[in-house]
>>> print(open('structure.tsv').read())   # TSV, C-alpha atoms
chain	number	residue	atom	x	y	z
A	20	MET	CA	-18.20	-57.38	-5.68
A	21	ASN	CA	-18.20	-59.06	-9.06
A	22	HIS	CA	-14.99	-57.49	-10.22
A	23	LEU	CA	-13.07	-58.93	-7.25
A	24	ASN	CA	-13.98	-62.48	-8.31
A	25	ASP	CA	-12.49	-61.96	-11.75
A	26	LEU	CA	-8.98	-61.88	-10.30
A	27	PRO	CA	-6.98	-65.10	-9.87
A	28	PRO	CA	-5.94	-65.94	-6.29
A	29	TRP	CA	-2.22	-65.25	-6.78
A	30	MET	CA	-2.99	-61.78	-8.08
A	31	ALA	CA	-5.40	-61.22	-5.17
A	32	ILE	CA	-2.71	-62.21	-2.67
A	33	LEU	CA	-0.20	-59.87	-4.33
A	34	ILE	CA	-2.65	-56.94	-4.29
A	35	ALA	CA	-3.68	-57.67	-0.71
A	36	THR	CA	-0.05	-57.77	0.43
A	37	PHE	CA	0.72	-54.40	-1.12
A	38	LEU	CA	-2.47	-52.89	0.31
A	39	ILE	CA	-1.86	-54.15	3.83
A	40	ILE	CA	1.77	-53.01	3.87
A	41	GLY	CA	0.85	-49.59	2.51
A	42	SER	CA	-2.03	-48.89	4.86
A	43	THR	CA	-0.08	-50.15	7.87
A	44	LEU	CA	2.77	-47.79	7.04
A	45	ALA	CA	0.33	-44.89	6.65
A	46	LEU	CA	-1.10	-45.71	10.06
A	47	LEU	CA	2.40	-45.90	11.58
A	48	GLY	CA	3.22	-42.48	10.14
A	49	SER	CA	0.22	-40.95	11.84
A	50	VAL	CA	0.99	-42.72	15.11
A	51	GLY	CA	4.44	-41.14	14.95
A	52	LEU	CA	2.83	-37.78	14.26
A	53	VAL	CA	0.91	-38.13	17.49
A	54	ARG	CA	3.53	-39.73	19.71
A	55	LEU	CA	6.85	-38.04	18.94
A	56	ARG	CA	7.99	-35.33	21.30
A	57	SER	CA	9.33	-32.30	19.50
A	58	TYR	CA	8.21	-30.67	16.29
A	59	TYR	CA	11.38	-31.51	14.38
A	60	GLN	CA	10.92	-35.19	15.15
A	61	ARG	CA	7.25	-35.03	14.22
A	62	LEU	CA	8.18	-33.58	10.84
A	63	HIS	CA	9.72	-36.92	9.88
A	64	ALA	CA	6.83	-39.18	10.83
A	65	PRO	CA	4.23	-38.57	8.08
A	66	THR	CA	6.83	-39.07	5.36
A	67	LEU	CA	6.08	-42.78	5.81
A	68	SER	CA	2.60	-42.25	4.40
A	69	TYR	CA	3.93	-39.85	1.77
A	70	SER	CA	6.43	-42.29	0.34
A	71	TYR	CA	5.70	-45.91	1.19
A	72	GLY	CA	1.96	-45.61	1.82
A	73	THR	CA	1.37	-43.87	-1.49
A	74	LEU	CA	3.74	-46.16	-3.39
A	75	MET	CA	2.20	-49.40	-2.13
A	76	THR	CA	-1.43	-48.28	-2.57
A	77	ILE	CA	-0.69	-47.05	-6.09
A	78	LEU	CA	1.09	-50.30	-6.96
A	79	SER	CA	-1.87	-52.40	-5.83
A	80	SER	CA	-4.30	-50.14	-7.70
A	81	ILE	CA	-2.22	-50.40	-10.89
A	82	LEU	CA	-2.06	-54.19	-10.59
A	83	MET	CA	-5.80	-54.55	-10.01
A	84	PHE	CA	-7.01	-52.30	-12.80
A	85	SER	CA	-4.40	-53.53	-15.26
A	86	TYR	CA	-5.60	-57.09	-14.77
A	87	LEU	CA	-9.30	-56.20	-14.81
A	88	GLU	CA	-9.14	-54.14	-17.98
A	89	THR	CA	-6.51	-56.39	-19.65
A	90	ARG	CA	-4.42	-53.40	-20.63
A	91	PRO	CA	-1.73	-51.49	-18.74
A	92	VAL	CA	-3.42	-48.84	-16.57
A	93	VAL	CA	-0.63	-46.63	-15.27
A	94	HIS	CA	-2.27	-43.26	-14.71
A	95	GLU	CA	-1.94	-43.69	-10.93
A	96	LEU	CA	1.75	-43.10	-11.48
A	97	VAL	CA	0.88	-39.42	-11.98
A	98	ILE	CA	-0.15	-39.21	-8.32
A	99	GLY	CA	2.99	-41.03	-7.28
A	100	VAL	CA	5.32	-38.73	-9.20
A	101	PHE	CA	3.43	-35.66	-7.99
A	102	VAL	CA	3.62	-36.71	-4.33
A	103	MET	CA	7.28	-37.66	-4.66
A	104	ILE	CA	8.06	-34.19	-6.05
A	105	THR	CA	5.91	-32.09	-3.74
A	106	ALA	CA	6.37	-33.80	-0.36
A	107	PRO	CA	10.04	-32.72	0.11
A	108	ILE	CA	9.18	-29.18	-0.98
A	109	THR	CA	6.33	-28.74	1.49
A	110	LEU	CA	8.19	-30.34	4.37
A	111	LEU	CA	11.27	-28.23	3.66
A	112	MET	CA	9.16	-25.07	3.66
A	113	LEU	CA	7.41	-26.11	6.87
A	114	GLY	CA	10.68	-26.93	8.61
A	115	ARG	CA	12.24	-23.64	7.57
A	116	ALA	CA	9.19	-21.70	8.74
A	117	ALA	CA	9.25	-23.48	12.10
A	118	LEU	CA	12.97	-22.83	12.50
A	119	ARG	CA	12.45	-19.16	11.75
A	120	ARG	CA	9.59	-18.94	14.23
A	121	ASP	CA	11.68	-20.65	16.89
A	122	GLN	CA	14.56	-18.27	16.31
A	123	ASP	CA	12.15	-15.38	16.62
A	124	ALA	CA	10.81	-16.80	19.85
A	125	LYS	CA	14.36	-17.29	21.19
A	126	LEU	CA	13.88	-21.01	21.68
A	127	ALA	CA	16.56	-23.66	21.70
A	128	HIS	CA	16.83	-26.03	18.78
A	129	GLU	CA	15.55	-29.08	20.63
A	130	GLU	CA	12.63	-27.27	22.10
A	131	ALA	CA	10.49	-28.88	24.65
A	132	VAL	CA	7.15	-27.71	23.38
A	133	PRO	CA	6.48	-24.40	25.09
A	134	ALA	CA	3.83	-24.71	27.72
A	135	ARG	CA	0.80	-22.49	27.57
A	136	GLU	CA	1.43	-21.47	31.19
A	137	THR	CA	4.57	-19.66	30.04
A	138	LEU	CA	2.45	-17.51	27.79
A	139	ARG	CA	-0.16	-17.00	30.47
A	140	ALA	CA	2.37	-15.79	33.00
A	141	SER	CA	4.05	-13.36	30.63
A	142	PRO	CA	2.95	-9.71	30.24
A	143	ALA	CA	1.70	-10.43	26.73
A	144	GLY	CA	-0.52	-13.19	28.09
A	145	LYS	CA	-1.94	-10.82	30.70
A	146	LEU	CA	-2.68	-8.30	27.98
A	147	ILE	CA	-4.45	-10.95	25.91
A	148	ARG	CA	-6.50	-12.04	28.92
A	149	ASP	CA	-7.53	-8.48	29.69
A	150	VAL	CA	-8.60	-7.82	26.14
A	151	LYS	CA	-10.56	-11.07	26.05
A	152	ARG	CA	-12.29	-10.37	29.35
A	153	SER	CA	-13.23	-6.73	29.09
A	154	GLY	CA	-12.75	-5.79	25.48
A	155	HIS	CA	-9.99	-3.27	26.25
A	156	PRO	CA	-6.64	-3.60	28.02
A	157	GLU	CA	-6.49	-2.42	31.59
A	158	PRO	CA	-3.65	-0.03	32.43
A	159	SER	CA	-0.97	-1.80	34.40
A	160	PRO	CA	-0.42	-0.49	37.95
A	161	ASP	CA	3.22	0.55	37.49
A	162	GLN	CA	2.38	2.68	34.49
A	163	PRO	CA	-0.54	4.88	35.53
A	164	GLY	CA	-2.77	5.88	32.69
A	165	PRO	CA	-3.60	9.44	31.80
B	13	MET	CA	-11.59	-67.14	-2.86
B	14	SER	CA	-9.90	-64.08	-4.28
B	15	ALA	CA	-12.90	-61.94	-3.39
B	16	VAL	CA	-12.59	-63.00	0.26
B	17	ILE	CA	-8.87	-62.17	0.36
B	18	LEU	CA	-9.40	-58.83	-1.33
B	19	GLN	CA	-12.39	-57.89	0.81
B	20	PHE	CA	-10.37	-58.56	3.94
B	21	ALA	CA	-7.41	-56.55	2.66
B	22	LEU	CA	-9.53	-53.65	1.43
B	23	GLY	CA	-11.48	-53.50	4.67
B	24	TYR	CA	-8.29	-53.52	6.70
B	25	ALA	CA	-6.76	-50.83	4.50
B	26	GLN	CA	-9.81	-48.60	4.83
B	27	ILE	CA	-9.92	-48.96	8.61
B	28	ALA	CA	-6.17	-48.29	8.96
B	29	VAL	CA	-6.26	-45.21	6.73
B	30	ILE	CA	-9.33	-43.82	8.52
B	31	LEU	CA	-7.55	-44.38	11.85
B	32	ALA	CA	-4.52	-42.53	10.50
B	33	LEU	CA	-6.84	-39.71	9.43
B	34	CYS	CA	-8.27	-39.52	12.96
B	35	LEU	CA	-4.79	-39.41	14.52
B	36	ALA	CA	-3.73	-36.57	12.20
B	37	CYS	CA	-6.98	-34.79	13.08
B	38	TRP	CA	-6.09	-35.17	16.76
B	39	ARG	CA	-2.76	-33.50	16.09
B	40	VAL	CA	-4.53	-30.65	14.29
B	41	LEU	CA	-6.89	-30.11	17.23
B	42	LYS	CA	-4.27	-30.48	19.95
B	43	GLY	CA	-1.61	-28.21	18.53
B	44	PRO	CA	0.48	-27.16	20.45
B	45	ARG	CA	1.78	-24.62	17.92
B	46	ALA	CA	0.71	-23.44	14.51
B	47	GLN	CA	3.27	-25.47	12.55
B	48	ASP	CA	2.02	-28.68	14.20
B	49	ARG	CA	-1.48	-27.93	12.98
B	50	VAL	CA	-0.25	-27.29	9.44
B	51	LEU	CA	1.68	-30.57	9.48
B	52	GLY	CA	-1.44	-32.38	10.70
B	53	VAL	CA	-3.52	-30.89	7.90
B	54	ASP	CA	-0.91	-32.04	5.38
B	55	ALA	CA	-0.98	-35.58	6.78
B	56	MET	CA	-4.79	-35.50	6.64
B	57	TYR	CA	-4.68	-34.57	2.96
B	58	VAL	CA	-2.35	-37.45	2.09
B	59	ASN	CA	-4.39	-39.95	4.10
B	60	ALA	CA	-7.60	-38.77	2.44
B	61	MET	CA	-5.92	-39.31	-0.93
B	62	LEU	CA	-5.00	-42.87	0.05
B	63	LEU	CA	-8.56	-43.45	1.27
B	64	PHE	CA	-9.98	-42.35	-2.07
B	65	LEU	CA	-7.63	-44.70	-3.93
B	66	THR	CA	-8.76	-47.56	-1.69
B	67	VAL	CA	-12.45	-46.74	-2.14
B	68	GLY	CA	-11.89	-46.71	-5.89
B	69	MET	CA	-10.46	-50.21	-5.66
B	70	VAL	CA	-13.43	-51.37	-3.59
B	71	ASN	CA	-15.93	-50.07	-6.14
B	72	GLY	CA	-13.89	-51.15	-9.13
B	73	ASN	CA	-14.34	-47.62	-10.42
B	74	ILE	CA	-11.35	-46.05	-12.10
B	75	PHE	CA	-12.61	-42.48	-11.76
B	76	PHE	CA	-11.92	-42.18	-8.05
B	77	PHE	CA	-8.37	-41.64	-9.24
B	78	GLU	CA	-9.26	-38.12	-10.36
B	79	ALA	CA	-10.69	-37.18	-6.98
B	80	SER	CA	-7.51	-38.33	-5.25
B	81	MET	CA	-5.42	-36.42	-7.79
B	82	VAL	CA	-7.34	-33.22	-7.00
B	83	ILE	CA	-6.90	-33.85	-3.26
B	84	ALA	CA	-3.14	-34.28	-3.72
B	85	ILE	CA	-2.83	-31.01	-5.67
B	86	LEU	CA	-4.95	-29.07	-3.17
B	87	GLY	CA	-2.93	-30.48	-0.30
B	88	PHE	CA	0.32	-29.27	-1.82
B	89	VAL	CA	-1.04	-25.78	-2.46
B	90	THR	CA	-2.57	-25.54	1.02
B	91	THR	CA	0.57	-26.60	2.84
B	92	ALA	CA	2.85	-24.41	0.73
B	93	CYS	CA	0.67	-21.35	1.36
B	94	ALA	CA	0.39	-22.08	5.08
B	95	ALA	CA	4.16	-22.54	5.42
B	96	LYS	CA	4.76	-19.29	3.57
B	97	PHE	CA	2.30	-17.55	5.84
B	98	LEU	CA	3.96	-18.95	8.96
B	99	MET	CA	7.34	-17.80	7.72
B	100	ARG	CA	6.60	-14.26	6.60
B	101	GLY	CA	3.19	-13.36	7.96
B	102	GLU	CA	1.77	-12.87	4.48
B	103	VAL	CA	1.27	-15.11	1.47
B	104	ILE	CA	1.75	-12.77	-1.47
B	105	GLU	CA	4.60	-10.33	-1.17
>>> encode(input="structure.tsv", output="C-alpha coordinates")
Amino acid sequence: MNHLNDLPPWMAILIATFLIIGSTLALLGSVGLVRLRSYYQRLHAPTLSYSYGTLMTILSSILMFSYLETRPVVHELVIGVFVMITAPITLLMLGRAALRRDQDAKLAHEEAVPARETLRASPAGKLIRDVKRSGHPEPSPDQPGP
Amino acid sequence: MSAVILQFALGYAQIAVILALCLACWRVLKGPRAQDRVLGVDAMYVNAMLLFLTVGMVNGNIFFFEASMVIAILGFVTTACAAKFLMRGEVIE
(Lines of atoms letter the chains of each structure in order from A and count residues from 1; the text may use other names and numbers.)
(Lines give C-alpha, C1' and ligand atoms only; values in the text may rest on other atoms or scores of the structure.)
Protein backbone atom coordinates (compact mmCIF):
# COMPACT_ATOMS: atom_id res chain seq x y z
CA MET A 1 0.00 0.00 0.00
CA ASN A 2 2.67 2.48 -0.99
CA HIS A 3 0.30 4.93 -2.54
CA LEU A 4 -1.67 5.28 0.70
CA ASN A 5 1.45 6.50 2.54
CA ASP A 6 1.95 9.31 0.04
CA LEU A 7 -1.12 11.11 1.35
CA PRO A 8 -0.84 13.57 4.25
CA PRO A 9 -2.88 12.71 7.36
CA TRP A 10 -5.44 15.51 6.96
CA MET A 11 -6.22 14.35 3.44
CA ALA A 12 -6.45 10.74 4.67
CA ILE A 13 -8.93 11.76 7.37
CA LEU A 14 -11.02 13.68 4.84
CA ILE A 15 -11.09 10.74 2.40
CA ALA A 16 -11.84 8.27 5.19
CA THR A 17 -14.74 10.40 6.44
CA PHE A 18 -16.33 10.58 3.01
CA LEU A 19 -15.83 6.84 2.46
CA ILE A 20 -17.32 5.84 5.79
CA ILE A 21 -20.35 8.13 5.40
CA GLY A 22 -20.97 6.90 1.86
CA SER A 23 -20.69 3.20 2.56
CA THR A 24 -22.80 3.48 5.71
CA LEU A 25 -25.54 5.20 3.74
CA ALA A 26 -25.38 2.51 1.05
CA LEU A 27 -25.74 -0.13 3.75
CA LEU A 28 -28.69 1.73 5.30
CA GLY A 29 -30.39 1.87 1.91
CA SER A 30 -30.17 -1.89 1.55
CA VAL A 31 -31.36 -2.43 5.12
CA GLY A 32 -34.41 -0.34 4.24
CA LEU A 33 -34.89 -2.43 1.10
CA VAL A 34 -35.10 -5.51 3.28
CA ARG A 35 -37.05 -4.17 6.24
CA LEU A 36 -39.76 -1.88 4.86
CA ARG A 37 -43.23 -3.31 4.54
CA SER A 38 -44.88 -2.45 1.27
CA TYR A 39 -43.40 -2.14 -2.20
CA TYR A 40 -44.02 1.59 -2.47
CA GLN A 41 -42.06 2.20 0.72
CA ARG A 42 -39.28 -0.11 -0.44
CA LEU A 43 -38.97 1.90 -3.64
CA HIS A 44 -37.61 4.82 -1.62
CA ALA A 45 -34.95 2.97 0.34
CA PRO A 46 -32.19 2.30 -2.23
CA THR A 47 -32.21 5.93 -3.36
CA LEU A 48 -29.88 6.49 -0.40
CA SER A 49 -27.18 4.46 -2.13
CA TYR A 50 -28.04 6.00 -5.49
CA SER A 51 -27.58 9.57 -4.34
CA TYR A 52 -25.51 9.90 -1.18
CA GLY A 53 -23.56 6.64 -1.42
CA THR A 54 -22.46 7.36 -4.97
CA LEU A 55 -21.74 11.03 -4.25
CA MET A 56 -19.57 10.39 -1.19
CA THR A 57 -17.61 7.50 -2.74
CA ILE A 58 -16.98 9.52 -5.89
CA LEU A 59 -15.86 12.54 -3.85
CA SER A 60 -13.34 10.48 -1.90
CA SER A 61 -12.07 8.84 -5.09
CA ILE A 62 -11.65 12.24 -6.76
CA LEU A 63 -9.78 13.61 -3.73
CA MET A 64 -7.45 10.62 -3.51
CA PHE A 65 -6.48 10.40 -7.17
CA SER A 66 -6.23 14.17 -7.58
CA TYR A 67 -3.71 14.31 -4.76
CA LEU A 68 -1.78 11.23 -5.87
CA GLU A 69 -1.41 12.32 -9.48
CA THR A 70 -1.00 16.05 -8.61
CA ARG A 71 -3.54 17.04 -11.24
CA PRO A 72 -7.33 17.32 -11.09
CA VAL A 73 -8.83 13.88 -11.81
CA VAL A 74 -12.54 14.43 -12.26
CA HIS A 75 -13.65 11.65 -14.58
CA GLU A 76 -15.56 9.98 -11.72
CA LEU A 77 -18.01 12.84 -12.10
CA VAL A 78 -19.24 11.09 -15.26
CA ILE A 79 -20.57 8.23 -13.12
CA GLY A 80 -22.13 10.69 -10.71
CA VAL A 81 -23.95 12.64 -13.41
CA PHE A 82 -25.06 9.42 -15.10
CA VAL A 83 -26.47 7.95 -11.89
CA MET A 84 -28.16 11.23 -10.97
CA ILE A 85 -29.89 11.28 -14.38
CA THR A 86 -30.85 7.63 -14.66
CA ALA A 87 -31.93 6.75 -11.10
CA PRO A 88 -35.16 8.85 -11.16
CA ILE A 89 -36.02 7.49 -14.61
CA THR A 90 -35.68 3.83 -13.63
CA LEU A 91 -37.47 4.25 -10.32
CA LEU A 92 -40.30 6.17 -12.01
CA MET A 93 -40.69 3.40 -14.58
CA LEU A 94 -40.61 0.72 -11.90
CA GLY A 95 -43.17 2.53 -9.76
CA ARG A 96 -45.50 3.05 -12.71
CA ALA A 97 -45.20 -0.60 -13.72
CA ALA A 98 -45.96 -1.73 -10.17
CA LEU A 99 -48.96 0.59 -9.96
CA ARG A 100 -50.28 -0.75 -13.23
CA ARG A 101 -49.82 -4.33 -12.09
CA ASP A 102 -51.58 -3.59 -8.83
CA GLN A 103 -54.49 -2.00 -10.63
CA ASP A 104 -54.70 -5.04 -12.85
CA ALA A 105 -54.68 -7.29 -9.82
CA LYS A 106 -57.41 -5.18 -8.15
CA LEU A 107 -55.27 -4.43 -5.13
CA ALA A 108 -55.55 -1.44 -2.84
CA HIS A 109 -52.90 1.23 -2.99
CA GLU A 110 -51.30 0.40 0.35
CA GLU A 111 -51.17 -3.27 -0.35
CA ALA A 112 -50.18 -5.68 2.27
CA VAL A 113 -48.01 -7.92 0.17
CA PRO A 114 -50.30 -10.59 -1.23
CA ALA A 115 -49.75 -13.90 0.44
CA ARG A 116 -48.94 -16.91 -1.65
CA GLU A 117 -51.78 -18.80 0.05
CA THR A 118 -54.24 -16.49 -1.69
CA LEU A 119 -52.91 -17.64 -5.01
CA ARG A 120 -52.87 -21.26 -3.92
CA ALA A 121 -56.50 -21.20 -2.85
CA SER A 122 -57.74 -19.53 -6.03
CA PRO A 123 -58.86 -21.50 -9.11
CA ALA A 124 -55.85 -20.25 -11.04
CA GLY A 125 -53.56 -21.64 -8.36
CA LYS A 126 -55.29 -25.01 -8.56
CA LEU A 127 -54.83 -25.01 -12.31
CA ILE A 128 -51.13 -24.22 -11.92
CA ARG A 129 -50.73 -27.00 -9.36
CA ASP A 130 -52.45 -29.52 -11.60
CA VAL A 131 -50.30 -28.62 -14.56
CA LYS A 132 -47.15 -28.84 -12.45
CA ARG A 133 -48.11 -32.20 -10.99
CA SER A 134 -49.40 -34.12 -13.96
CA GLY A 135 -48.39 -32.12 -16.99
CA HIS A 136 -51.99 -31.41 -18.03
CA PRO A 137 -54.89 -29.75 -16.22
CA GLU A 138 -57.49 -32.03 -14.72
CA PRO A 139 -61.10 -31.25 -15.61
CA SER A 140 -62.87 -29.66 -12.68
CA PRO A 141 -65.78 -31.68 -11.24
CA ASP A 142 -68.50 -29.08 -11.89
CA GLN A 143 -67.60 -28.86 -15.55
CA PRO A 144 -67.46 -32.44 -16.83
CA GLY A 145 -65.11 -32.93 -19.71
CA PRO A 146 -66.11 -34.38 -23.03
CA MET B 1 -0.29 7.04 9.87
CA SER B 2 -2.37 7.94 6.86
CA ALA B 3 -2.08 4.41 5.51
CA VAL B 4 -3.56 3.04 8.75
CA ILE B 5 -6.49 5.46 8.63
CA LEU B 6 -7.16 4.76 4.97
CA GLN B 7 -6.83 1.00 5.35
CA PHE B 8 -9.38 1.04 8.15
CA ALA B 9 -11.77 3.21 6.15
CA LEU B 10 -11.38 1.22 2.95
CA GLY B 11 -11.86 -2.08 4.75
CA TYR B 12 -14.97 -0.78 6.48
CA ALA B 13 -16.34 0.58 3.21
CA GLN B 14 -15.77 -2.72 1.43
CA ILE B 15 -17.43 -4.74 4.18
CA ALA B 16 -20.43 -2.37 4.34
CA VAL B 17 -20.95 -2.37 0.58
CA ILE B 18 -20.65 -6.16 0.38
CA LEU B 19 -23.20 -6.44 3.20
CA ALA B 20 -25.52 -4.11 1.28
CA LEU B 21 -25.04 -6.32 -1.78
CA CYS B 22 -26.02 -9.39 0.25
CA LEU B 23 -29.15 -7.68 1.60
CA ALA B 24 -30.23 -6.67 -1.91
CA CYS B 25 -29.57 -10.24 -3.03
CA TRP B 26 -31.82 -11.46 -0.21
CA ARG B 27 -34.58 -9.20 -1.50
CA VAL B 28 -34.10 -10.61 -5.01
CA LEU B 29 -34.37 -14.19 -3.74
CA LYS B 30 -37.26 -13.57 -1.36
CA GLY B 31 -39.54 -11.65 -3.67
CA PRO B 32 -42.47 -11.52 -2.95
CA ARG B 33 -43.44 -10.10 -6.34
CA ALA B 34 -41.66 -9.47 -9.60
CA GLN B 35 -41.18 -5.73 -9.09
CA ASP B 36 -39.42 -6.38 -5.77
CA ARG B 37 -36.93 -8.61 -7.54
CA VAL B 38 -36.27 -5.99 -10.21
CA LEU B 39 -35.72 -3.34 -7.53
CA GLY B 40 -33.31 -5.68 -5.74
CA VAL B 41 -31.34 -6.26 -8.94
CA ASP B 42 -31.11 -2.50 -9.46
CA ALA B 43 -29.80 -2.00 -5.91
CA MET B 44 -27.29 -4.81 -6.51
CA TYR B 45 -26.00 -3.06 -9.62
CA VAL B 46 -25.47 0.23 -7.79
CA ASN B 47 -23.76 -1.47 -4.85
CA ALA B 48 -21.47 -3.41 -7.19
CA MET B 49 -20.55 -0.10 -8.82
CA LEU B 50 -19.65 1.37 -5.42
CA LEU B 51 -17.64 -1.75 -4.60
CA PHE B 52 -15.62 -1.39 -7.79
CA LEU B 53 -14.88 2.26 -7.01
CA THR B 54 -13.69 1.25 -3.54
CA VAL B 55 -11.52 -1.58 -4.87
CA GLY B 56 -9.98 0.89 -7.31
CA MET B 57 -9.07 3.13 -4.40
CA VAL B 58 -7.54 0.20 -2.51
CA ASN B 59 -5.33 -0.77 -5.46
CA GLY B 60 -4.52 2.81 -6.40
CA ASN B 61 -5.55 1.86 -9.92
CA ILE B 62 -7.52 4.45 -11.84
CA PHE B 63 -8.86 1.99 -14.41
CA PHE B 64 -11.38 0.36 -12.10
CA PHE B 65 -13.39 3.48 -12.88
CA GLU B 66 -14.20 2.12 -16.32
CA ALA B 67 -15.53 -1.15 -14.95
CA SER B 68 -17.85 0.71 -12.59
CA MET B 69 -18.97 2.96 -15.45
CA VAL B 70 -19.92 -0.10 -17.51
CA ILE B 71 -21.77 -1.59 -14.53
CA ALA B 72 -23.74 1.64 -14.07
CA ILE B 73 -24.78 1.73 -17.74
CA LEU B 74 -25.75 -1.95 -17.78
CA GLY B 75 -27.76 -1.48 -14.60
CA PHE B 76 -29.77 1.34 -16.12
CA VAL B 77 -30.51 -0.63 -19.29
CA THR B 78 -31.43 -3.77 -17.34
CA THR B 79 -33.81 -2.01 -14.99
CA ALA B 80 -35.45 0.03 -17.74
CA CYS B 81 -36.06 -3.08 -19.85
CA ALA B 82 -37.37 -5.06 -16.89
CA ALA B 83 -39.75 -2.25 -15.88
CA LYS B 84 -41.01 -1.98 -19.44
CA PHE B 85 -41.54 -5.72 -19.52
CA LEU B 86 -43.44 -5.67 -16.22
CA MET B 87 -45.65 -2.87 -17.50
CA ARG B 88 -46.58 -4.13 -20.95
CA GLY B 89 -45.56 -7.77 -21.12
CA GLU B 90 -43.12 -7.11 -23.95
CA VAL B 91 -40.00 -5.01 -24.33
CA ILE B 92 -40.11 -3.91 -27.96
CA GLU B 93 -43.49 -2.84 -29.24
>>> interface_residues(input="structure.tsv", of="chain A", to="chain B", cutoff="8 Å", atoms="only C-alpha atoms", output="PyMOL selection string")
chain A and resi 20+22-24+26-28+31-32+34-36+38-39+41-43+45-50+52-53+58+62+65+68-69+72-73+76-77+80+83-84+95+98+101-102+105-106+109+112-113+115-117+119-120+132
>>> atom_distance(input="structure.tsv", atom1="CA of Gly51 in chain A", atom2="CA of Met75 in chain A")
19.1 Å
>>> atom_distance(input="structure.tsv", atom1="CA of Asn21 in chain A", atom2="CA of Val67 in chain B")
15.3 Å
>>> atom_distance(input="structure.tsv", atom1="CA of Gly114 in chain A", atom2="CA of Ile40 in chain A")
28.0 Å
>>> axis_aligned_box(input="structure.tsv", around="range 87-95 of chain A", padding_each_side="6 Å", output="lines of an AutoDock Vina configuration file")
center_x = -5.0
center_y = -49.8
center_z = -15.8
size_x = 20.7
size_y = 25.1
size_z = 21.7
>>> residues_near_point(input="structure.tsv", point="(-9.3, -61.8, -19.2)", cutoff="9 Å", atoms="only C-alpha atoms", output="list in words")
Asp25, Leu26, Tyr86, Leu87, Glu88 and Thr89 of chain A
